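The file protein.cif contains mmCIF, C-alpha atoms:
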data_upload
loop_
_atom_site.label_atom_id
_atom_site.label_comp_id
_atom_site.auth_asym_id
_atom_site.auth_seq_id
_atom_site.Cartn_x
_atom_site.Cartn_y
_atom_site.Cartn_z
CA MET A 1 -0.56 -14.39 -13.85
CA GLU A 2 -3.28 -13.06 -16.17
CA PHE A 3 -2.58 -10.95 -19.25
CA SER A 4 -6.01 -10.96 -20.86
CA VAL A 5 -8.28 -7.90 -20.73
CA ALA A 6 -11.81 -8.49 -19.45
CA TYR A 7 -14.56 -8.29 -22.05
CA GLU A 8 -16.18 -5.21 -20.51
CA HIS A 9 -12.85 -3.41 -20.55
CA GLN A 10 -12.30 -4.37 -24.18
CA GLU A 11 -15.69 -2.88 -24.97
CA LEU A 12 -14.81 0.30 -23.09
CA ILE A 13 -11.55 0.62 -25.03
CA ARG A 14 -13.39 0.10 -28.32
CA MET A 15 -15.98 2.71 -27.35
CA VAL A 16 -13.28 5.26 -26.51
CA ARG A 17 -11.42 4.58 -29.74
CA ARG A 18 -14.62 4.84 -31.81
CA PHE A 19 -15.41 8.14 -30.12
CA ILE A 20 -11.93 9.45 -30.88
CA ASP A 21 -12.15 8.38 -34.51
CA ALA A 22 -15.65 9.81 -35.04
CA GLU A 23 -15.64 12.97 -32.92
CA LEU A 24 -12.06 14.06 -32.28
CA LYS A 25 -9.97 13.06 -35.29
CA PRO A 26 -11.92 15.37 -37.65
CA LEU A 27 -10.97 18.34 -35.45
CA GLU A 28 -7.23 17.69 -35.24
CA ASP A 29 -6.12 19.47 -38.42
CA GLU A 30 -8.18 22.58 -37.69
CA VAL A 31 -6.78 22.82 -34.15
CA GLU A 32 -3.26 22.37 -35.48
CA GLU A 33 -3.70 25.10 -38.08
CA SER A 34 -5.58 27.65 -35.97
CA GLY A 35 -4.06 26.89 -32.57
CA ILE A 36 -7.49 26.93 -30.93
CA LEU A 37 -10.45 24.66 -30.33
CA LYS A 38 -13.68 26.49 -31.06
CA GLU A 39 -15.99 26.89 -28.09
CA GLN A 40 -18.91 25.25 -29.88
CA ASP A 41 -16.77 22.24 -30.78
CA ALA A 42 -15.51 21.91 -27.20
CA LYS A 43 -19.07 22.03 -25.90
CA ARG A 44 -20.31 19.49 -28.43
CA ILE A 45 -17.63 16.86 -27.76
CA PHE A 46 -18.04 17.32 -24.00
CA GLU A 47 -21.79 16.76 -24.22
CA LYS A 48 -21.39 13.65 -26.41
CA SER A 49 -18.67 12.19 -24.21
CA SER A 50 -20.67 12.83 -21.04
CA ALA A 51 -23.75 11.19 -22.55
CA LEU A 52 -21.69 8.04 -23.13
CA GLY A 53 -20.27 8.10 -19.60
CA LEU A 54 -16.75 8.79 -20.87
CA TYR A 55 -16.14 11.99 -18.91
CA ALA A 56 -14.05 11.83 -15.69
CA MET A 57 -13.74 8.05 -15.82
CA ASN A 58 -10.88 8.05 -13.30
CA VAL A 59 -13.12 9.45 -10.56
CA PRO A 60 -14.62 7.09 -7.90
CA GLU A 61 -18.28 6.21 -8.35
CA GLU A 62 -19.28 7.89 -5.08
CA LEU A 63 -18.01 11.16 -6.54
CA GLY A 64 -19.85 10.77 -9.83
CA GLY A 65 -17.22 9.05 -11.95
CA ALA A 66 -16.86 5.61 -13.47
CA GLY A 67 -14.73 4.31 -10.60
CA LEU A 68 -12.08 2.71 -12.79
CA SER A 69 -9.11 1.07 -11.10
CA ALA A 70 -5.60 2.30 -11.86
CA VAL A 71 -5.06 -0.53 -14.37
CA GLU A 72 -8.38 0.17 -16.06
CA THR A 73 -7.63 3.89 -16.13
CA MET A 74 -4.29 3.27 -17.84
CA LEU A 75 -5.95 1.12 -20.50
CA VAL A 76 -8.22 4.07 -21.28
CA GLU A 77 -5.48 6.70 -20.96
CA GLU A 78 -3.48 4.85 -23.59
CA GLN A 79 -6.32 5.38 -26.04
CA PHE A 80 -6.23 9.12 -25.33
CA GLY A 81 -2.76 9.14 -26.85
CA HIS A 82 -4.36 8.50 -30.26
CA THR A 83 -5.52 12.11 -30.49
CA SER A 84 -4.53 15.68 -29.56
CA ASP A 85 -4.04 16.86 -25.98
CA ILE A 86 -6.60 19.66 -26.08
CA LEU A 87 -9.30 17.37 -27.48
CA VAL A 88 -8.70 14.84 -24.71
CA ARG A 89 -9.05 17.56 -22.08
CA ARG A 90 -12.41 18.73 -23.40
CA ALA A 91 -13.89 15.36 -24.27
CA PHE A 92 -12.78 13.23 -21.33
CA GLY A 93 -12.03 15.75 -18.60
CA ASN A 94 -8.99 16.59 -16.56
CA VAL A 95 -9.94 15.68 -12.98
CA TYR A 96 -6.66 15.34 -11.11
CA GLU A 97 -6.59 12.69 -8.37
CA VAL A 98 -5.10 15.26 -5.99
CA LEU A 99 -8.61 16.75 -5.80
CA PHE A 100 -9.84 13.61 -4.06
CA ALA A 101 -8.26 15.07 -0.90
CA CYS A 102 -11.03 17.71 -0.83
CA ASP A 103 -13.10 17.82 2.35
CA GLN A 104 -16.89 17.97 2.24
CA VAL A 105 -17.06 21.74 1.76
CA GLN A 106 -14.35 21.70 -0.92
CA ARG A 107 -16.09 18.86 -2.74
CA GLN A 108 -19.18 20.98 -3.25
CA ARG A 109 -17.25 24.06 -4.32
CA TRP A 110 -14.50 22.55 -6.47
CA LEU A 111 -14.41 18.77 -6.92
CA LEU A 112 -17.99 17.82 -7.83
CA PRO A 113 -18.47 20.69 -10.33
CA THR A 114 -15.21 19.55 -11.95
CA VAL A 115 -16.42 15.97 -12.21
CA ARG A 116 -19.58 17.26 -13.90
CA GLY A 117 -17.58 19.42 -16.31
CA ILE A 118 -18.92 22.69 -14.89
CA ARG A 119 -15.49 23.73 -13.63
CA THR A 120 -11.98 23.07 -14.93
CA CYS A 121 -8.75 22.79 -12.98
CA SER A 122 -5.05 23.21 -13.79
CA ILE A 123 -2.05 22.21 -11.70
CA ALA A 124 0.19 25.19 -10.88
CA ILE A 125 3.47 23.91 -9.47
CA THR A 126 6.19 24.80 -12.00
CA GLU A 127 8.15 28.03 -11.59
CA PRO A 128 11.06 29.48 -13.55
CA GLY A 129 13.40 28.45 -10.72
CA ALA A 130 11.57 25.28 -9.75
CA GLY A 131 10.89 22.83 -12.58
CA SER A 132 11.96 19.29 -11.78
CA ASP A 133 13.07 20.57 -8.36
CA ALA A 134 9.57 21.12 -6.99
CA ALA A 135 11.01 21.69 -3.52
CA ALA A 136 12.67 24.90 -4.78
CA ILE A 137 9.39 26.76 -5.25
CA ALA A 138 9.44 30.42 -4.26
CA THR A 139 5.70 31.12 -4.09
CA ARG A 140 4.73 31.87 -0.49
CA ALA A 141 1.52 31.56 1.51
CA GLU A 142 1.52 33.40 4.84
CA LEU A 143 -1.06 32.77 7.53
CA LYS A 144 -2.64 36.08 8.42
CA GLY A 145 -5.64 36.21 10.69
CA ASP A 146 -8.26 33.73 9.58
CA GLY A 147 -6.75 33.08 6.15
CA TRP A 148 -3.71 33.06 3.90
CA THR A 149 -1.95 35.59 1.69
CA LEU A 150 -0.46 34.12 -1.48
CA THR A 151 2.46 35.79 -3.24
CA GLY A 152 4.62 34.61 -6.14
CA GLY A 153 4.25 33.23 -9.64
CA LYS A 154 4.09 30.12 -11.80
CA HIS A 155 4.66 29.37 -15.47
CA PHE A 156 4.00 26.66 -18.08
CA ILE A 157 0.53 26.12 -16.58
CA SER A 158 -1.16 23.77 -19.04
CA ASP A 159 -4.74 24.76 -19.93
CA GLY A 160 -4.39 27.75 -17.62
CA ALA A 161 -6.17 30.15 -19.97
CA TYR A 162 -9.26 27.92 -19.94
CA SER A 163 -9.33 26.64 -16.35
CA ASP A 164 -11.26 28.61 -13.77
CA TYR A 165 -9.25 27.47 -10.74
CA PHE A 166 -5.81 26.09 -9.90
CA VAL A 167 -4.10 23.73 -7.47
CA VAL A 168 -1.18 25.90 -6.37
CA SER A 169 1.91 24.82 -4.43
CA ALA A 170 3.32 27.32 -1.95
CA VAL A 171 5.77 27.45 0.93
CA THR A 172 3.93 27.79 4.22
CA ASP A 173 6.90 27.22 6.54
CA LYS A 174 10.35 27.79 5.06
CA SER A 175 12.10 26.35 8.12
CA LYS A 176 10.61 22.89 7.51
CA GLY A 177 11.98 22.36 3.99
CA ASN A 178 9.86 19.84 2.02
CA LYS A 179 7.48 19.55 4.97
CA GLY A 180 6.78 23.26 4.77
CA ILE A 181 5.03 23.11 1.37
CA SER A 182 1.25 23.07 1.05
CA LEU A 183 -1.32 23.00 -1.75
CA PHE A 184 -4.13 25.52 -2.21
CA LEU A 185 -7.28 25.71 -4.34
CA VAL A 186 -7.23 29.14 -5.94
CA ASP A 187 -10.05 30.53 -8.09
CA LYS A 188 -8.98 32.40 -11.23
CA ASP A 189 -11.17 35.40 -10.33
CA SER A 190 -9.45 35.87 -6.95
CA PRO A 191 -8.38 39.51 -6.47
CA GLY A 192 -4.64 39.79 -7.02
CA LEU A 193 -4.40 36.79 -9.38
CA SER A 194 -3.47 37.65 -12.94
CA LEU A 195 -2.56 35.73 -16.07
CA GLY A 196 0.62 36.48 -17.95
CA ARG A 197 1.49 35.50 -21.48
CA ASP A 198 0.58 32.23 -23.13
CA GLN A 199 4.00 30.67 -23.64
CA LYS A 200 4.01 29.26 -27.17
CA MET A 201 5.27 25.70 -27.50
CA MET A 202 6.88 23.51 -30.16
CA GLY A 203 3.87 21.20 -30.06
CA LEU A 204 0.58 20.63 -28.22
CA ARG A 205 -1.21 23.20 -30.35
CA GLY A 206 -4.50 24.38 -28.88
CA THR A 207 -3.45 23.85 -25.26
CA SER A 208 -2.49 27.07 -23.48
CA HIS A 209 0.58 27.23 -21.24
CA VAL A 210 0.31 30.44 -19.27
CA GLU A 211 2.10 32.39 -16.58
CA LEU A 212 0.30 33.06 -13.28
CA PHE A 213 1.05 35.90 -10.89
CA PHE A 214 -0.15 36.13 -7.28
CA ASP A 215 -0.05 39.60 -5.76
CA GLN A 216 -1.20 39.34 -2.16
CA VAL A 217 -4.03 36.97 -3.10
CA ARG A 218 -6.25 36.53 -0.08
CA LEU A 219 -7.33 32.96 0.64
CA GLU A 220 -9.64 31.49 3.26
CA ARG A 221 -8.74 28.46 5.34
CA VAL A 222 -11.04 26.41 3.13
CA ASN A 223 -8.63 26.98 0.25
CA LEU A 224 -6.00 24.73 1.86
CA LEU A 225 -6.07 21.33 0.10
CA GLY A 226 -5.23 18.49 2.47
CA GLU A 227 -3.28 18.97 5.66
CA LEU A 228 -0.83 21.80 6.17
CA GLY A 229 2.71 20.89 5.11
CA THR A 230 1.70 17.83 3.06
CA GLY A 231 1.98 19.49 -0.34
CA MET A 232 5.21 17.79 -1.36
CA ARG A 233 3.86 14.39 -0.35
CA GLN A 234 0.75 15.02 -2.42
CA ILE A 235 2.90 16.09 -5.36
CA LEU A 236 5.05 12.95 -5.16
CA THR A 237 2.20 10.47 -4.62
CA THR A 238 -1.19 11.63 -5.88
CA LEU A 239 0.24 13.60 -8.78
CA GLY A 240 2.25 10.54 -9.74
CA ARG A 241 -0.95 9.29 -11.37
CA VAL A 242 -0.72 12.29 -13.72
CA ARG A 243 2.74 11.18 -14.82
CA LEU A 244 1.57 7.62 -15.22
CA GLY A 245 -1.60 8.31 -17.20
CA GLN A 246 -1.30 11.66 -18.94
CA VAL A 247 2.37 11.21 -19.78
CA GLY A 248 3.26 7.50 -19.69
CA ALA A 249 0.08 5.87 -20.98
CA ARG A 250 -0.64 8.55 -23.57
CA SER A 251 2.94 8.35 -24.86
CA ILE A 252 2.43 4.63 -25.43
CA GLY A 253 -0.87 5.27 -27.19
CA LYS A 254 0.70 7.91 -29.42
CA ALA A 255 3.63 5.61 -30.22
CA SER A 256 1.22 2.82 -31.15
CA HIS A 257 -0.76 5.19 -33.38
CA VAL A 258 2.37 6.47 -35.11
CA LEU A 259 3.73 2.97 -35.65
CA ASN A 260 0.46 1.86 -37.22
CA LEU A 261 0.71 4.71 -39.73
CA ALA A 262 4.33 3.82 -40.45
CA VAL A 263 3.48 0.16 -41.06
CA GLU A 264 0.67 1.09 -43.45
CA TYR A 265 3.02 3.41 -45.31
CA ALA A 266 5.81 0.80 -45.46
CA ASN A 267 3.39 -1.69 -47.02
CA GLY A 268 2.11 0.77 -49.60
CA ARG A 269 5.12 2.86 -50.56
CA LYS A 270 7.19 1.26 -53.34
CA GLN A 271 10.81 1.92 -54.22
CA PHE A 272 13.00 -0.10 -56.58
CA GLY A 273 9.99 -2.20 -57.54
CA GLN A 274 8.94 -3.36 -54.07
CA PRO A 275 7.30 -2.05 -50.90
CA ILE A 276 9.84 -0.35 -48.66
CA GLY A 277 8.67 -2.67 -45.90
CA GLU A 278 10.61 -5.41 -47.67
CA PHE A 279 13.90 -3.66 -46.93
CA GLN A 280 15.68 -5.01 -43.87
CA MET A 281 16.55 -1.58 -42.45
CA ILE A 282 12.86 -0.63 -42.44
CA GLN A 283 11.98 -3.98 -40.91
CA GLN A 284 14.47 -3.42 -38.11
CA MET A 285 12.91 -0.04 -37.26
CA ILE A 286 9.45 -1.61 -37.19
CA ALA A 287 10.57 -4.62 -35.12
CA ASP A 288 12.39 -2.46 -32.57
CA SER A 289 9.32 -0.24 -32.25
CA VAL A 290 7.02 -3.21 -31.66
CA ILE A 291 9.32 -4.60 -28.96
CA GLU A 292 9.72 -1.28 -27.20
CA ILE A 293 6.03 -0.34 -27.23
CA ASN A 294 5.08 -3.68 -25.71
CA SER A 295 7.76 -3.42 -23.03
CA ALA A 296 6.60 0.09 -22.13
CA ARG A 297 2.97 -1.05 -21.91
CA LEU A 298 3.85 -3.94 -19.59
CA LEU A 299 5.83 -1.57 -17.36
CA LEU A 300 2.87 0.81 -17.31
CA LEU A 301 0.45 -1.91 -16.23
CA ARG A 302 2.88 -3.14 -13.58
CA ALA A 303 3.02 0.36 -12.08
CA ALA A 304 -0.79 0.59 -12.13
CA TRP A 305 -0.98 -2.86 -10.51
CA GLU A 306 1.19 -1.56 -7.66
CA ILE A 307 -1.19 1.37 -7.14
CA ASP A 308 -4.27 -0.85 -7.12
CA ARG A 309 -2.71 -2.90 -4.33
CA GLY A 310 -2.09 0.16 -2.22
CA LYS A 311 1.67 0.04 -2.63
CA ASP A 312 4.08 2.94 -3.03
CA ALA A 313 4.50 3.01 -6.81
CA ARG A 314 6.69 6.11 -7.13
CA ASP A 315 9.73 4.21 -8.39
CA TRP A 316 7.62 2.30 -10.91
CA ILE A 317 6.01 5.51 -12.08
CA SER A 318 9.46 7.01 -12.63
CA MET A 319 10.43 3.95 -14.69
CA VAL A 320 7.33 4.35 -16.84
CA LYS A 321 7.88 8.11 -17.20
CA VAL A 322 11.39 7.55 -18.55
CA HIS A 323 10.83 4.45 -20.67
CA ALA A 324 7.44 5.27 -22.24
CA THR A 325 8.39 8.81 -23.27
CA GLU A 326 11.74 7.80 -24.69
CA VAL A 327 10.21 4.87 -26.57
CA ALA A 328 7.57 7.19 -28.04
CA ASN A 329 10.24 9.63 -29.17
CA LYS A 330 12.22 6.86 -30.86
CA VAL A 331 9.14 5.48 -32.59
CA ALA A 332 8.20 8.94 -33.88
CA ASP A 333 11.74 9.54 -35.11
CA ARG A 334 11.73 6.23 -36.95
CA ALA A 335 8.35 7.06 -38.47
CA VAL A 336 9.73 10.32 -39.87
CA GLN A 337 12.56 8.29 -41.39
CA ILE A 338 10.21 5.70 -42.88
CA PHE A 339 7.98 8.39 -44.39
CA GLY A 340 11.05 10.22 -45.68
CA GLY A 341 10.38 13.71 -46.99
CA MET A 342 6.64 13.33 -46.41
CA GLY A 343 7.31 12.63 -42.76
CA TYR A 344 8.92 16.06 -42.47
CA CYS A 345 6.12 17.73 -44.40
CA LYS A 346 3.08 19.34 -42.77
CA ASP A 347 0.80 17.65 -45.32
CA LEU A 348 0.92 14.60 -43.04
CA PRO A 349 0.55 14.49 -39.23
CA ILE A 350 3.82 12.61 -38.60
CA GLU A 351 5.85 15.77 -37.99
CA ARG A 352 3.13 16.96 -35.58
CA TYR A 353 3.35 13.77 -33.56
CA TYR A 354 7.14 14.13 -33.53
CA ARG A 355 6.80 17.64 -32.04
CA ASP A 356 4.02 16.74 -29.61
CA LEU A 357 5.92 13.80 -28.14
CA ARG A 358 9.16 15.67 -27.47
CA ILE A 359 7.81 17.39 -24.34
CA GLY A 360 7.21 14.02 -22.66
CA ARG A 361 10.87 13.71 -21.71
CA ILE A 362 10.77 17.12 -20.02
CA TYR A 363 7.54 17.90 -18.19
CA ASP A 364 6.42 16.27 -14.93
CA GLY A 365 10.08 15.66 -14.18
CA THR A 366 12.78 15.24 -16.80
CA SER A 367 14.10 11.82 -17.75
CA GLU A 368 17.32 12.71 -15.98
CA ILE A 369 15.57 13.51 -12.69
CA HIS A 370 13.51 10.30 -12.79
CA ARG A 371 16.64 8.28 -13.51
CA LEU A 372 18.15 9.87 -10.42
CA VAL A 373 15.11 8.81 -8.37
CA ILE A 374 15.34 5.23 -9.66
CA ALA A 375 19.08 5.00 -9.08
CA ARG A 376 18.93 6.36 -5.53
CA SER A 377 16.10 4.03 -4.61
CA THR A 378 18.02 1.06 -6.04
CA LEU A 379 21.20 1.99 -4.18
CA ASN A 380 19.20 2.19 -0.96
CA SER A 381 17.12 -0.98 -1.39
CA GLY A 382 19.33 -3.31 -3.41
CA SER A 383 17.61 -5.66 -5.85
CA LYS A 384 14.05 -4.83 -4.85
CA LEU A 385 13.27 -2.98 -8.09
CA PHE A 386 14.78 -5.42 -10.55
CA ASP A 387 14.85 -8.92 -9.03
CA GLY A 388 11.58 -10.55 -10.11
CA LEU A 389 11.16 -12.80 -7.10
CA TRP A 390 12.25 -10.28 -4.49
CA SER A 391 10.04 -7.51 -5.87
CA GLY A 392 7.00 -9.74 -5.87
CA ALA A 393 6.64 -9.62 -9.64
CA TRP A 394 5.41 -13.22 -9.76
CA THR A 395 3.04 -13.10 -6.83
CA GLY A 396 -0.43 -11.73 -6.19
#

Here is a file; write its structure as structure tokens.
Amino acid sequence: MEFSVAYEHQELIRMVRRFIDAELKPLEDEVEESGILKEQDAKRIFEKSSALGLYAMNVPEELGGAGLSAVETMLVEEQFGHTSDILVRRAFGNVYEVLFACDQVQRQRWLLPTVRGIRTCSIAITEPGAGSDAAAIATRAELKGDGWTLTGGKHFISDGAYSDYFVVSAVTDKSKGNKGISLFLVDKDSPGLSLGRDQKMMGLRGTSHVELFFDQVRLERVNLLGELGTGMRQILTTLGRVRLGQVGARSIGKASHVLNLAVEYANGRKQFGQPIGEFQMIQQMIADSVIEINSARLLLLRAAWEIDRGKDARDWISMVKVHATEVANKVADRAVQIFGGMGYCKDLPIERYYRDLRIGRIYDGTSEIHRLVIARSTLNSGSKLFDGLWSGAWTG
């Protein structure tokens, strides 16, 4: 069993963190205050990141990316948690692994331009009546002639105002249940597609979350992503990497960043003639945070290890989704307490991190839904998910 990180990966992590500190951190306050990232700033950080080879690192080399493994990708994704969501999207890209299912024609039209930063994609699955229950989607795609007609709507589409195309889930055969759902690549300028309001959020300032409406949107057969009726399988497997990296790993990175600020404050802030870090109640909050962050990181890397070995990692991803987001929320809450009144004040970023992290327990499947997944799998398979020897935790 090997826990060390290879030298080249350590250097990559350092490079990413230096880039975040130098190029992204200075933009955070402005984005938080204005709610937007200026176009010239977005262009500048994209160009600098691309020049360093930091854009679309999760993409295989044959498609123009860095070809990082799942474990390597999670090490990098954790660093992304040290800054704001919108800055990560513009600097490092948002190339969803579900796009790797593109055929040769689709690669030229959608995937490769996205890898190069020419195009930007958003995932459009969530509906008012279908959040965690992705199988309850109402959007329909009917086969008519040599193409499809798309009707329905989505909401909470992250980065939807900026993206120029979407991966849209739709029912293609209602009689088949989960096997009657498919995914489609839909350009924003398609006739009949319109954007609704930008739904304002508690946190994640700068990232749009829009409504989408499809009024008899005409699609060609080339717009179908993957095989017909495999949409739910793609959602549960390929999009699991989104939960693992963009939610799990980034939550751990944010928690680590917040704890570092809290430790610095506890060492410098004095009350009753001594640093508050000398008080046992503060020490307990710090110790619990250290333990929990490390446990979440190990669980994250275990899930990524499963993926790299071609195994079905859905249960492990659910465990990471629950544990990492809840740990991050606890760490942020403790940090507010350690900072006291200043932690609740907008003069410092602690309250922002507190707000930004809260969504982690909701989107991409609530903690409650993922607990249900874990419990059902355990009831069906016995000790496979928690017995170290049986699950193969000590082999490989």

- prompt: What is the distance between CA of Thr325 in chain A and CA of Glu23 in chain A, in Å to one decimal?
  reply: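 Taking CA of Thr325 in chain A and CA of Glu23 in chain A, their separation equals 26.2 Å.
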
- prompt: Got a sec to resolve the PyMOL selection byres ((chain A and resi 348) around 12) on this structure and send the residues as a PyMOL selection string?
  reply: chain A and resi 28-29+32+258+261-262+265+335-336+339-347+349-354

Reference answer for the PyMOL selection byres ((chain A and resi 358) around 12), as a ChimeraX atom specification: /A:201-204,247,251,254-255,324-333,351-357,359-363,366-367

message: Excluding Ser190 in chain A and its own-chain neighbours fewer than 2 positions away, which residues fall within 12 Å of it when counting all atoms listed in the file? Please give them as a list in words.
response: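 Neighbouring residues, sequence-local ones excluded: Thr149, Leu150, Asp164, Tyr165, Phe166, Leu185, Val186, Asp187, Lys188, Gly192, Leu193, Ser194, Leu195, Leu212, Phe213, Phe214, Asp215, Gln216, Val217, Arg218, Leu219, Glu220 and Asn223 of chain A.
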
Mind dumping the selected residues with C-alpha atoms as a short mmCIF file (atom, residue, chain, number, x, y, z; two decimals), in the frame of the given file?
data_model
loop_
_atom_site.label_atom_id
_atom_site.label_comp_id
_atom_site.auth_asym_id
_atom_site.auth_seq_id
_atom_site.Cartn_x
_atom_site.Cartn_y
_atom_site.Cartn_z
CA THR A 149 -1.95 35.59 1.69
CA LEU A 150 -0.46 34.12 -1.48
CA ASP A 164 -11.26 28.61 -13.77
CA TYR A 165 -9.25 27.47 -10.74
CA PHE A 166 -5.81 26.09 -9.90
CA LEU A 185 -7.28 25.71 -4.34
CA VAL A 186 -7.23 29.14 -5.94
CA ASP A 187 -10.05 30.53 -8.09
CA LYS A 188 -8.98 32.40 -11.23
CA GLY A 192 -4.64 39.79 -7.02
CA LEU A 193 -4.40 36.79 -9.38
CA SER A 194 -3.47 37.65 -12.94
CA LEU A 195 -2.56 35.73 -16.07
CA LEU A 212 0.30 33.06 -13.28
CA PHE A 213 1.05 35.90 -10.89
CA PHE A 214 -0.15 36.13 -7.28
CA ASP A 215 -0.05 39.60 -5.76
CA GLN A 216 -1.20 39.34 -2.16
CA VAL A 217 -4.03 36.97 -3.10
CA ARG A 218 -6.25 36.53 -0.08
CA LEU A 219 -7.33 32.96 0.64
CA GLU A 220 -9.64 31.49 3.26
CA ASN A 223 -8.63 26.98 0.25
#

message: Evaluate the PyMOL selection byres ((chain A and resi 210) around 6) against this structure - the residues, as a PyMOL selection string, please.
response: chain A and resi 155-157+160+197-199+209+211

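With all atoms listed in the file as the atoms that count, the residue of A:Phe100, A:Phe272, A:Phe80, A:Phe279 with the shortest distance to Val59 in chain A is A:Phe100.
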
task: Could you check how far CA of Val31 in chain A sits from CA of Asn94 in chain A, in Å to one decimal?
output: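 Result for CA of Val31 in chain A versus CA of Asn94 in chain A: 18.8 Å, one decimal.
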
query: For the atom pair CA of Ser50 in chain A and CA of Leu37 in chain A, what is the interatomic distance in Å to one decimal place?
result: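 Result for CA of Ser50 in chain A versus CA of Leu37 in chain A: 18.2 Å, one decimal.
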
message: Give me, as an MDAnalysis selection string, all polymer residues having an atom no more than 10 Å from Arg241 in chain A, counting all atoms listed in the file and skipping those fewer than 5 positions away in the same chain.
response: chainID A and resid 70 73:74 96:98 235:236 246:248 303:304 307 313:314 317

Put those residues in a file: C-alpha atoms, as a JSON list (two decimals), in the frame of the given file.
[["chain", "number", "residue", "atom", "x", "y", "z"],
["A", 70, "ALA", "CA", -5.60, 2.30, -11.86],
["A", 73, "THR", "CA", -7.63, 3.89, -16.13],
["A", 74, "MET", "CA", -4.29, 3.27, -17.84],
["A", 96, "TYR", "CA", -6.66, 15.34, -11.11],
["A", 97, "GLU", "CA", -6.59, 12.69, -8.37],
["A", 98, "VAL", "CA", -5.10, 15.26, -5.99],
["A", 235, "ILE", "CA", 2.90, 16.09, -5.36],
["A", 236, "LEU", "CA", 5.05, 12.95, -5.16],
["A", 246, "GLN", "CA", -1.30, 11.66, -18.94],
["A", 247, "VAL", "CA", 2.37, 11.21, -19.78],
["A", 248, "GLY", "CA", 3.26, 7.50, -19.69],
["A", 303, "ALA", "CA", 3.02, 0.36, -12.08],
["A", 304, "ALA", "CA", -0.79, 0.59, -12.13],
["A", 307, "ILE", "CA", -1.19, 1.37, -7.14],
["A", 313, "ALA", "CA", 4.50, 3.01, -6.81],
["A", 314, "ARG", "CA", 6.69, 6.11, -7.13],
["A", 317, "ILE", "CA", 6.01, 5.51, -12.08]]

field: From A:Leu111, A:Leu301, A:Ala66, A:Ile13, residue lying nearest Leu225 in chain A [only C-alpha atoms]
entry: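 Answer, going by the shortest atom-to-atom distance: A:Leu111.
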
I want to know what sits within 10 Å of range 131-137 of chain A, based on all atoms listed in the file, with residues of the same chain fewer than 5 positions away left out; could you give that as a PDB file with C-alpha atoms, in the coordinates of the input?
ATOM      1  CA  ILE A 125       3.470  23.910  -9.470  1.00  0.00           C
ATOM      2  CA  THR A 126       6.190  24.800 -12.000  1.00  0.00           C
ATOM      3  CA  GLY A 152       4.620  34.610  -6.140  1.00  0.00           C
ATOM      4  CA  GLY A 153       4.250  33.230  -9.640  1.00  0.00           C
ATOM      5  CA  LYS A 154       4.090  30.120 -11.800  1.00  0.00           C
ATOM      6  CA  HIS A 155       4.660  29.370 -15.470  1.00  0.00           C
ATOM      7  CA  PHE A 156       4.000  26.660 -18.080  1.00  0.00           C
ATOM      8  CA  SER A 169       1.910  24.820  -4.430  1.00  0.00           C
ATOM      9  CA  ALA A 170       3.320  27.320  -1.950  1.00  0.00           C
ATOM     10  CA  VAL A 171       5.770  27.450   0.930  1.00  0.00           C
ATOM     11  CA  GLY A 177      11.980  22.360   3.990  1.00  0.00           C
ATOM     12  CA  ASN A 178       9.860  19.840   2.020  1.00  0.00           C
ATOM     13  CA  LYS A 179       7.480  19.550   4.970  1.00  0.00           C
ATOM     14  CA  GLY A 180       6.780  23.260   4.770  1.00  0.00           C
ATOM     15  CA  ILE A 181       5.030  23.110   1.370  1.00  0.00           C
ATOM     16  CA  GLY A 231       1.980  19.490  -0.340  1.00  0.00           C
ATOM     17  CA  MET A 232       5.210  17.790  -1.360  1.00  0.00           C
ATOM     18  CA  ILE A 235       2.900  16.090  -5.360  1.00  0.00           C
ATOM     19  CA  LEU A 236       5.050  12.950  -5.160  1.00  0.00           C
ATOM     20  CA  ILE A 362      10.770  17.120 -20.020  1.00  0.00           C
ATOM     21  CA  TYR A 363       7.540  17.900 -18.190  1.00  0.00           C
ATOM     22  CA  ASP A 364       6.420  16.270 -14.930  1.00  0.00           C
ATOM     23  CA  GLY A 365      10.080  15.660 -14.180  1.00  0.00           C
ATOM     24  CA  THR A 366      12.780  15.240 -16.800  1.00  0.00           C
ATOM     25  CA  SER A 367      14.100  11.820 -17.750  1.00  0.00           C
ATOM     26  CA  GLU A 368      17.320  12.710 -15.980  1.00  0.00           C
ATOM     27  CA  ILE A 369      15.570  13.510 -12.690  1.00  0.00           C
ATOM     28  CA  HIS A 370      13.510  10.300 -12.790  1.00  0.00           C
TER      29      HIS A 370
END

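For the set A:Glu278, A:Asp41, A:Glu8, A:Asp103, the residue with the smallest atom-to-atom gap to Glu227 in chain A is A:Asp103, counting all atoms listed in the file.
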
task: Rank nothing, just name the residue among A:Ser163, A:Arg18, A:Phe184, A:Val222 nearest to Gln108 in chain A, using only C-alpha atoms.
output: A:Val222

query: From the set A:Phe92, A:Leu372, A:Ile286, A:Leu299, which residue has the shortest atom-to-atom contact distance to Ala51 in chain A, counting only C-alpha atoms?
result: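 For Ala51 in chain A, the nearest of the candidates is A:Phe92.
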
For Gly64 in chain A, please output as a PDB file with C-alpha atoms, in the frame of the given file all residues within 8 Å (counting all atoms listed in the file; exclusion window: fewer than 4 positions along the same chain).
ATOM      1  CA  VAL A  59     -13.120   9.450 -10.560  1.00  0.00           C
ATOM      2  CA  PRO A  60     -14.620   7.090  -7.900  1.00  0.00           C
ATOM      3  CA  LEU A 112     -17.990  17.820  -7.830  1.00  0.00           C
ATOM      4  CA  VAL A 115     -16.420  15.970 -12.210  1.00  0.00           C
ATOM      5  CA  ARG A 116     -19.580  17.260 -13.900  1.00  0.00           C
TER       6      ARG A 116
END
